[in-house]
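Participant: Have a peek at start.csv (CSV, C-alpha atoms and all ligand atoms).
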chain,number,residue,atom,x,y,z
W,1099,MET,CA,91.5,190.8,86.9
W,1100,GLY,CA,94.4,192.6,88.7
W,1101,PRO,CA,97.0,189.7,88.7
W,1102,ARG,CA,96.0,188.7,85.1
W,1103,ASN,CA,96.8,192.2,84.0
W,1104,THR,CA,100.2,192.0,85.7
W,1105,TYR,CA,101.1,188.7,84.0
W,1106,PHE,CA,100.1,190.2,80.7
W,1107,LEU,CA,102.3,193.3,81.3
W,1108,VAL,CA,105.3,191.0,82.2
W,1109,PHE,CA,104.7,189.0,79.0
W,1110,ILE,CA,104.6,192.1,76.9
W,1111,LEU,CA,107.8,193.5,78.5
W,1112,VAL,CA,109.7,190.2,78.0
W,1113,ALA,CA,108.5,190.1,74.4
W,1114,LEU,CA,109.7,193.6,73.8
W,1115,ILE,CA,113.1,193.0,75.4
W,1116,ALA,CA,113.6,189.7,73.5
W,1117,ASN,CA,112.7,191.5,70.3
W,1118,GLY,CA,115.2,194.3,70.9
W,1119,VAL,CA,118.0,191.9,71.8
W,1120,ARG,CA,117.4,189.6,68.8
W,1121,ALA,CA,117.6,192.6,66.5
W,1122,ALA,CA,120.8,194.1,67.7
W,1123,GLN,CA,123.2,192.3,70.0
W,1124,HIS,CA,125.0,189.0,69.7
W,1125,VAL,CA,126.9,187.9,72.8
W,1126,VAL,CA,129.8,185.9,71.3
W,1127,GLY,CA,129.6,182.2,72.4
W,1128,GLY,CA,126.1,182.7,73.9
W,1129,SER,CA,125.8,182.0,77.6
W,1130,GLN,CA,129.3,180.5,77.7
W,1131,GLY,CA,130.8,183.7,76.4
W,1132,TRP,CA,134.3,184.3,75.1
W,1133,GLU,CA,136.1,181.3,76.6
W,1134,GLU,CA,138.4,178.5,75.3
W,1135,SER,CA,135.8,175.8,75.9
W,1136,THR,CA,133.1,177.4,73.8
W,1137,ASP,CA,132.3,175.9,70.4
W,1138,PHE,CA,132.2,179.2,68.3
W,1139,ASP,CA,131.6,177.5,65.0
W,1140,SER,CA,128.4,176.0,66.2
W,1141,TRP,CA,127.4,179.2,67.9
W,1142,ALA,CA,128.1,181.4,64.8
W,1143,SER,CA,126.3,179.0,62.4
W,1144,ALA,CA,123.1,179.3,64.5
W,1145,GLN,CA,123.1,183.1,64.3
W,1146,THR,CA,122.2,185.6,61.6
W,1147,PHE,CA,124.4,188.7,61.6
W,1148,LYS,CA,122.9,191.7,60.0
W,1149,VAL,CA,124.3,195.1,59.2
W,1150,GLY,CA,123.7,197.3,62.2
W,1151,ASP,CA,124.0,194.4,64.7
W,1152,GLN,CA,126.6,194.3,67.4
W,1153,LEU,CA,128.9,191.6,68.7
W,1154,VAL,CA,129.7,191.6,72.4
W,1155,PHE,CA,132.7,189.7,73.7
W,1156,LYS,CA,132.2,188.9,77.4
W,1157,TYR,CA,135.1,187.4,79.4
W,1158,SER,CA,137.4,187.9,82.4
W,1159,SER,CA,139.5,190.9,81.6
W,1160,GLY,CA,143.2,190.1,81.9
W,1161,LEU,CA,142.6,186.4,81.1
W,1162,HIS,CA,141.5,186.9,77.5
W,1163,SER,CA,141.3,189.7,74.9
W,1164,MET,CA,139.8,190.3,71.5
W,1165,VAL,CA,141.8,190.9,68.4
W,1166,GLU,CA,140.4,191.4,64.9
W,1167,LEU,CA,142.4,189.6,62.1
W,1168,PRO,CA,142.6,191.0,58.6
W,1169,ASN,CA,141.9,187.9,56.5
W,1170,GLU,CA,141.2,184.2,56.3
W,1171,ASN,CA,144.8,183.2,56.2
W,1172,ALA,CA,145.7,185.1,59.4
W,1173,TYR,CA,142.6,183.5,60.9
W,1174,LYS,CA,143.6,180.0,59.9
W,1175,ASN,CA,147.2,180.4,61.1
W,1176,CYS,CA,146.3,182.4,64.3
W,1177,ASP,CA,148.6,185.1,63.2
W,1178,ILE,CA,147.8,187.5,66.0
W,1179,GLY,CA,150.7,189.8,65.0
W,1180,THR,CA,148.6,191.0,62.0
W,1181,ALA,CA,145.7,192.3,64.2
W,1182,LEU,CA,143.8,195.2,62.8
W,1183,ASP,CA,142.3,196.0,66.2
W,1184,SER,CA,142.4,194.8,69.8
W,1185,LYS,CA,140.3,195.3,72.9
W,1186,ASN,CA,140.6,194.0,76.4
W,1187,SER,CA,137.8,195.5,78.6
W,1188,GLY,CA,136.1,192.1,79.1
W,1189,ASN,CA,132.9,193.6,77.6
W,1190,ASP,CA,134.0,194.6,74.1
W,1191,VAL,CA,131.4,195.8,71.6
W,1192,VAL,CA,132.0,195.5,67.9
W,1193,LYS,CA,129.5,197.0,65.4
W,1194,LEU,CA,128.9,195.2,62.2
W,1195,THR,CA,128.8,198.1,59.8
W,1196,LYS,CA,128.8,196.4,56.4
W,1197,PRO,CA,128.2,193.0,54.7
W,1198,GLY,CA,131.1,190.7,54.6
W,1199,THR,CA,133.3,188.4,56.7
W,1200,ARG,CA,135.3,189.4,59.8
W,1201,TYR,CA,137.7,187.4,61.8
W,1202,PHE,CA,138.2,187.5,65.6
W,1203,ALA,CA,140.5,185.7,68.0
W,1204,CYS,CA,141.8,185.8,71.5
W,1205,GLY,CA,145.1,187.7,71.8
W,1206,THR,CA,146.3,185.6,74.8
W,1207,LEU,CA,149.3,183.4,73.8
W,1208,GLY,CA,148.1,180.0,72.7
W,1209,HIS,CA,144.3,180.6,73.0
W,1210,CYS,CA,143.6,181.1,69.3
W,1211,GLY,CA,145.3,177.7,68.6
W,1212,GLN,CA,143.0,176.1,71.2
W,1213,GLY,CA,140.0,177.2,69.1
W,1214,MET,CA,139.3,180.6,70.7
W,1215,LYS,CA,138.5,182.3,67.4
W,1216,VAL,CA,135.3,183.1,65.5
W,1217,LYS,CA,134.5,184.0,61.9
W,1218,ILE,CA,131.5,186.3,61.5
W,1219,THR,CA,129.7,186.7,58.2
W,1220,THR,CA,127.4,189.8,58.1
W,1221,VAL,CA,124.5,190.0,55.6
W,1222,ALA,CA,122.6,193.1,54.5
W,1223,GLY,CA,120.0,193.8,57.1
W,1224,ASN,CA,117.4,196.2,58.2
W,1225,ALA,CA,119.7,199.1,58.7
W,1226,PRO,CA,120.1,201.7,56.0
W,1227,SER,CA,122.5,199.9,53.6
W,1228,THR,CA,126.0,201.4,53.1
W,1229,PRO,CA,127.5,201.1,49.6
W,1230,ALA,CA,130.0,198.2,49.5
W,1231,SER,CA,133.6,199.6,49.6
W,1232,PRO,CA,135.5,198.9,46.4
W,1233,SER,CA,138.6,197.7,48.4
W,1234,SER,CA,136.6,194.8,49.9
W,1235,SER,CA,137.4,191.6,48.1
W,1236,SER,CA,134.5,189.7,49.7
W,1237,SER,CA,132.0,188.3,47.3
W,1238,SER,CA,128.6,188.7,49.1
W,1239,SER,CA,126.4,188.2,46.1
W,1240,SER,CA,122.7,188.3,46.9
W,1241,SER,CA,121.2,190.3,49.6
W,1242,PRO,CA,117.9,188.7,50.8
W,1243,LYS,CA,115.1,191.2,50.2
W,1244,SER,CA,112.8,189.3,52.6
W,1245,THR,CA,114.7,190.7,55.6
W,1246,SER,CA,113.4,194.2,55.0
W,1247,THR,CA,109.8,192.8,55.1
W,1248,SER,CA,110.5,191.0,58.4
W,1249,ALA,CA,112.1,194.2,59.8
W,1250,ALA,CA,109.0,196.2,59.0
W,1251,LEU,CA,106.9,193.5,60.6
W,1252,ASN,CA,109.2,193.6,63.7
W,1253,SER,CA,108.8,197.3,64.1
W,1254,ARG,CA,105.1,197.2,63.6
W,1255,TYR,CA,104.9,194.5,66.2
W,1256,SER,CA,106.9,196.6,68.6
W,1257,ILE,CA,104.7,199.6,68.1
W,1258,ALA,CA,101.6,197.4,68.7
W,1259,ALA,CA,103.2,195.9,71.8
W,1260,ILE,CA,104.0,199.4,73.2
W,1261,PHE,CA,100.4,200.5,72.5
W,1262,VAL,CA,99.0,197.4,74.4
W,1263,LEU,CA,101.4,198.0,77.2
W,1264,VAL,CA,100.3,201.6,77.7
W,1265,ALA,CA,96.6,200.5,77.4
W,1266,SER,CA,97.2,197.9,80.1
W,1267,LEU,CA,98.9,200.3,82.4
W,1268,VAL,CA,96.0,202.8,82.0
W,1269,SER,CA,93.4,200.1,82.7
W,1270,SER,CA,95.3,198.7,85.7
W,1271,THR,CA,95.4,202.2,87.2
W,1272,LEU,CA,91.7,202.6,86.6
W,1273,LEU,CA,90.9,199.2,88.2
W,1274,LEU,CA,93.1,200.1,91.2
W,1275,SER,CA,91.5,203.4,91.7
W,1276,LEU,CA,88.0,201.8,91.6
W,1277,SER,CA,88.8,199.1,94.2
T,1301,CU,CU,141.8,183.7,75.6
For this file, write the structure as structure tokens.
Facilitator:
Amino acid sequence: MGPRNTYFLVFILVALIANGVRAAQHVVGGSQGWEESTDFDSWASAQTFKVGDQLVFKYSSGLHSMVELPNENAYKNCDIGTALDSKNSGNDVVKLTKPGTRYFACGTLGHCGQGMKVKITTVAGNAPSTPASPSSSSSSSSSPKSTSTSAALNSRYSIAAIFVLVASLVSSTLLLSLS
């Protein structure tokens, strides 16, 4: 009974952590990170970016950096000079605050041209939606309503998991004190 309880606890913890990570943070490029060799188009197309999520750019500080470009044209032409923002900590966090498309590239000379850039399209998510700014020219038409349902399910699942975790802890302690 003891070891089985432990396995169950580990399972619940992993499920909780996985759930939290999936809801909030996207490490750009996945396990390969922010590197020249990463296929960012493939990576981005496999992700769903929601309002309230975060991007994390992980790389060797000094070798690469992160710049945000203002538009599709600057992105296509790797026009780093037009950057809206730049970071170089090697662990740069960018919060996706509203629906629309954002453009990121490496600021190191030549890297963007080698494919070190990524386009991120954010959809309305489970966070409280902010009104679309009138200056934004992006045409994000339909916001999927089903996401709010899945968000509710997610949080209900988390609460249930926490409840089970606490119950398991209590029962393990009781079993230990009996033996
Ligand atoms: Cu680079």
Participant: One decimal, in Å: what's the spacing between atom CA of W:Lys1193 and atom CA of W:Gln1123?
Facilitator: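 Computed distance, atom CA of W:Lys1193 to atom CA of W:Gln1123, equals 9.1 Å.
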Participant: Got a sec to check which residues lie within 7 Å of ligand CU 1301 (chain T), using only C-alpha atoms and all ligand atoms, and send them as a ChimeraX atom specification?
Facilitator: /W:1133-1134,1161-1163,1204-1206,1209,1214
Participant: Atoms to include: C-alpha atoms. Write the selected residues as a PDB file, in the coordinates of the input.
Facilitator:
ATOM      1  CA  GLU W1133     136.100 181.300  76.600  1.00  0.00           C
ATOM      2  CA  GLU W1134     138.400 178.500  75.300  1.00  0.00           C
ATOM      3  CA  LEU W1161     142.600 186.400  81.100  1.00  0.00           C
ATOM      4  CA  HIS W1162     141.500 186.900  77.500  1.00  0.00           C
ATOM      5  CA  SER W1163     141.300 189.700  74.900  1.00  0.00           C
ATOM      6  CA  CYS W1204     141.800 185.800  71.500  1.00  0.00           C
ATOM      7  CA  GLY W1205     145.100 187.700  71.800  1.00  0.00           C
ATOM      8  CA  THR W1206     146.300 185.600  74.800  1.00  0.00           C
ATOM      9  CA  HIS W1209     144.300 180.600  73.000  1.00  0.00           C
ATOM     10  CA  MET W1214     139.300 180.600  70.700  1.00  0.00           C
TER      11      MET W1214
END
Participant: One decimal, in Å: what's the spacing between atom CA of W:Gly1223 and atom CA of W:Thr1195?
Facilitator: 10.2 Å
Participant: Show me the residues close to (125.9, 189.3, 68.9) - anything with an atom within 7 Å, counting all atoms listed in the file - and format the list as a PDB file with C-alpha atoms, keeping the file's coordinate frame.
Facilitator:
ATOM      1  CA  GLN W1123     123.200 192.300  70.000  1.00  0.00           C
ATOM      2  CA  HIS W1124     125.000 189.000  69.700  1.00  0.00           C
ATOM      3  CA  VAL W1125     126.900 187.900  72.800  1.00  0.00           C
ATOM      4  CA  VAL W1126     129.800 185.900  71.300  1.00  0.00           C
ATOM      5  CA  ASP W1151     124.000 194.400  64.700  1.00  0.00           C
ATOM      6  CA  GLN W1152     126.600 194.300  67.400  1.00  0.00           C
ATOM      7  CA  LEU W1153     128.900 191.600  68.700  1.00  0.00           C
ATOM      8  CA  VAL W1154     129.700 191.600  72.400  1.00  0.00           C
TER       9      VAL W1154
END
Participant: Give me the residues near W:Lys1217 as a ChimeraX atom specification, where near means some atom within 9 Å (using all atoms listed in the file) and where sequence neighbours in that chain fewer than 5 positions away do not count.
Facilitator: /W:1138-1139,1142,1170,1173,1199-1203
Participant: If we count only C-alpha atoms and set the cut-off at 12 Å, which residues sit around W:Ala1172, ignoring sequence neighbours fewer than 4 positions away in its own chain? Please answer as a list of chain:residue names.
Facilitator: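 Within the cut-off, the hits are W:Val1165, W:Glu1166, W:Leu1167, W:Pro1168, W:Cys1176, W:Asp1177, W:Ile1178, W:Gly1179, W:Thr1180, W:Ala1181, W:Leu1182, W:Arg1200, W:Tyr1201, W:Phe1202, W:Ala1203, W:Cys1210, W:Gly1211, W:Lys1215, W:Lys1217.
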Participant: Please report the interatomic distance between atom CA of W:Thr1136 and atom CA of W:Ala1222 in Å with one decimal.
Facilitator: 27.0 Å
Participant: Between W:Thr1220, W:Gly1213, W:Gly1128, W:Arg1102, which is the closest to W:Lys1174 once you count all atoms listed in the file?
Facilitator: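 Using all atoms listed in the file, the shortest distance to W:Lys1174 belongs to W:Gly1213.
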Participant: Which residue out of W:Ser1140, W:Ser1158, W:Ser1129, W:Gln1145 has the minimum interatomic distance to W:Asn1189 when all atoms listed in the file are used?
Facilitator: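 Of all the options, W:Ser1158 lies closest to W:Asn1189.
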Participant: Regenerate stretch 1161-1182 of chain W at the level of N, CA and C atoms and dump it as a CSV table (one decimal), keeping the file's coordinate frame.
Facilitator:
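Printed below is part-v7.csv as written:
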chain,number,residue,atom,x,y,z
W,1161,LEU,N,142.5,187.8,81.5
W,1161,LEU,CA,142.6,186.4,81.1
W,1161,LEU,C,142.6,186.2,79.6
W,1162,HIS,N,141.7,187.0,78.9
W,1162,HIS,CA,141.5,186.9,77.5
W,1162,HIS,C,141.5,188.3,76.9
W,1163,SER,N,141.4,188.4,75.6
W,1163,SER,CA,141.3,189.7,74.9
W,1163,SER,C,140.6,189.4,73.6
W,1164,MET,N,140.4,190.5,72.8
W,1164,MET,CA,139.8,190.3,71.5
W,1164,MET,C,140.6,191.0,70.5
W,1165,VAL,N,141.0,190.3,69.5
W,1165,VAL,CA,141.8,190.9,68.4
W,1165,VAL,C,141.0,190.6,67.1
W,1166,GLU,N,141.0,191.6,66.2
W,1166,GLU,CA,140.4,191.4,64.9
W,1166,GLU,C,141.5,191.1,63.9
W,1167,LEU,N,141.4,190.0,63.1
W,1167,LEU,CA,142.4,189.6,62.1
W,1167,LEU,C,142.0,190.1,60.7
W,1168,PRO,N,142.9,190.4,59.9
W,1168,PRO,CA,142.6,191.0,58.6
W,1168,PRO,C,142.0,190.0,57.5
W,1169,ASN,N,142.3,188.8,57.6
W,1169,ASN,CA,141.9,187.9,56.5
W,1169,ASN,C,141.8,186.4,56.9
W,1170,GLU,N,141.3,185.6,56.1
W,1170,GLU,CA,141.2,184.2,56.3
W,1170,GLU,C,142.5,183.5,56.7
W,1171,ASN,N,143.5,183.9,56.0
W,1171,ASN,CA,144.8,183.2,56.2
W,1171,ASN,C,145.3,183.5,57.6
W,1172,ALA,N,145.3,184.8,58.1
W,1172,ALA,CA,145.7,185.1,59.4
W,1172,ALA,C,144.8,184.4,60.4
W,1173,TYR,N,143.5,184.2,60.1
W,1173,TYR,CA,142.6,183.5,60.9
W,1173,TYR,C,143.0,182.0,61.1
W,1174,LYS,N,143.2,181.4,59.9
W,1174,LYS,CA,143.6,180.0,59.9
W,1174,LYS,C,144.9,179.7,60.7
W,1175,ASN,N,145.9,180.6,60.5
W,1175,ASN,CA,147.2,180.4,61.1
W,1175,ASN,C,147.3,181.1,62.5
W,1176,CYS,N,146.2,181.7,63.0
W,1176,CYS,CA,146.3,182.4,64.3
W,1176,CYS,C,147.4,183.4,64.3
W,1177,ASP,N,147.5,184.2,63.3
W,1177,ASP,CA,148.6,185.1,63.2
W,1177,ASP,C,148.2,186.4,63.9
W,1178,ILE,N,148.3,186.4,65.2
W,1178,ILE,CA,147.8,187.5,66.0
W,1178,ILE,C,148.6,188.8,65.7
W,1179,GLY,N,149.9,188.7,65.3
W,1179,GLY,CA,150.7,189.8,65.0
W,1179,GLY,C,150.1,190.7,63.9
W,1180,THR,N,149.2,190.2,63.1
W,1180,THR,CA,148.6,191.0,62.0
W,1180,THR,C,147.3,191.7,62.4
W,1181,ALA,N,147.0,191.7,63.7
W,1181,ALA,CA,145.7,192.3,64.2
W,1181,ALA,C,145.5,193.7,63.7
W,1182,LEU,N,144.2,193.9,63.3
W,1182,LEU,CA,143.8,195.2,62.8
W,1182,LEU,C,143.4,196.1,64.1
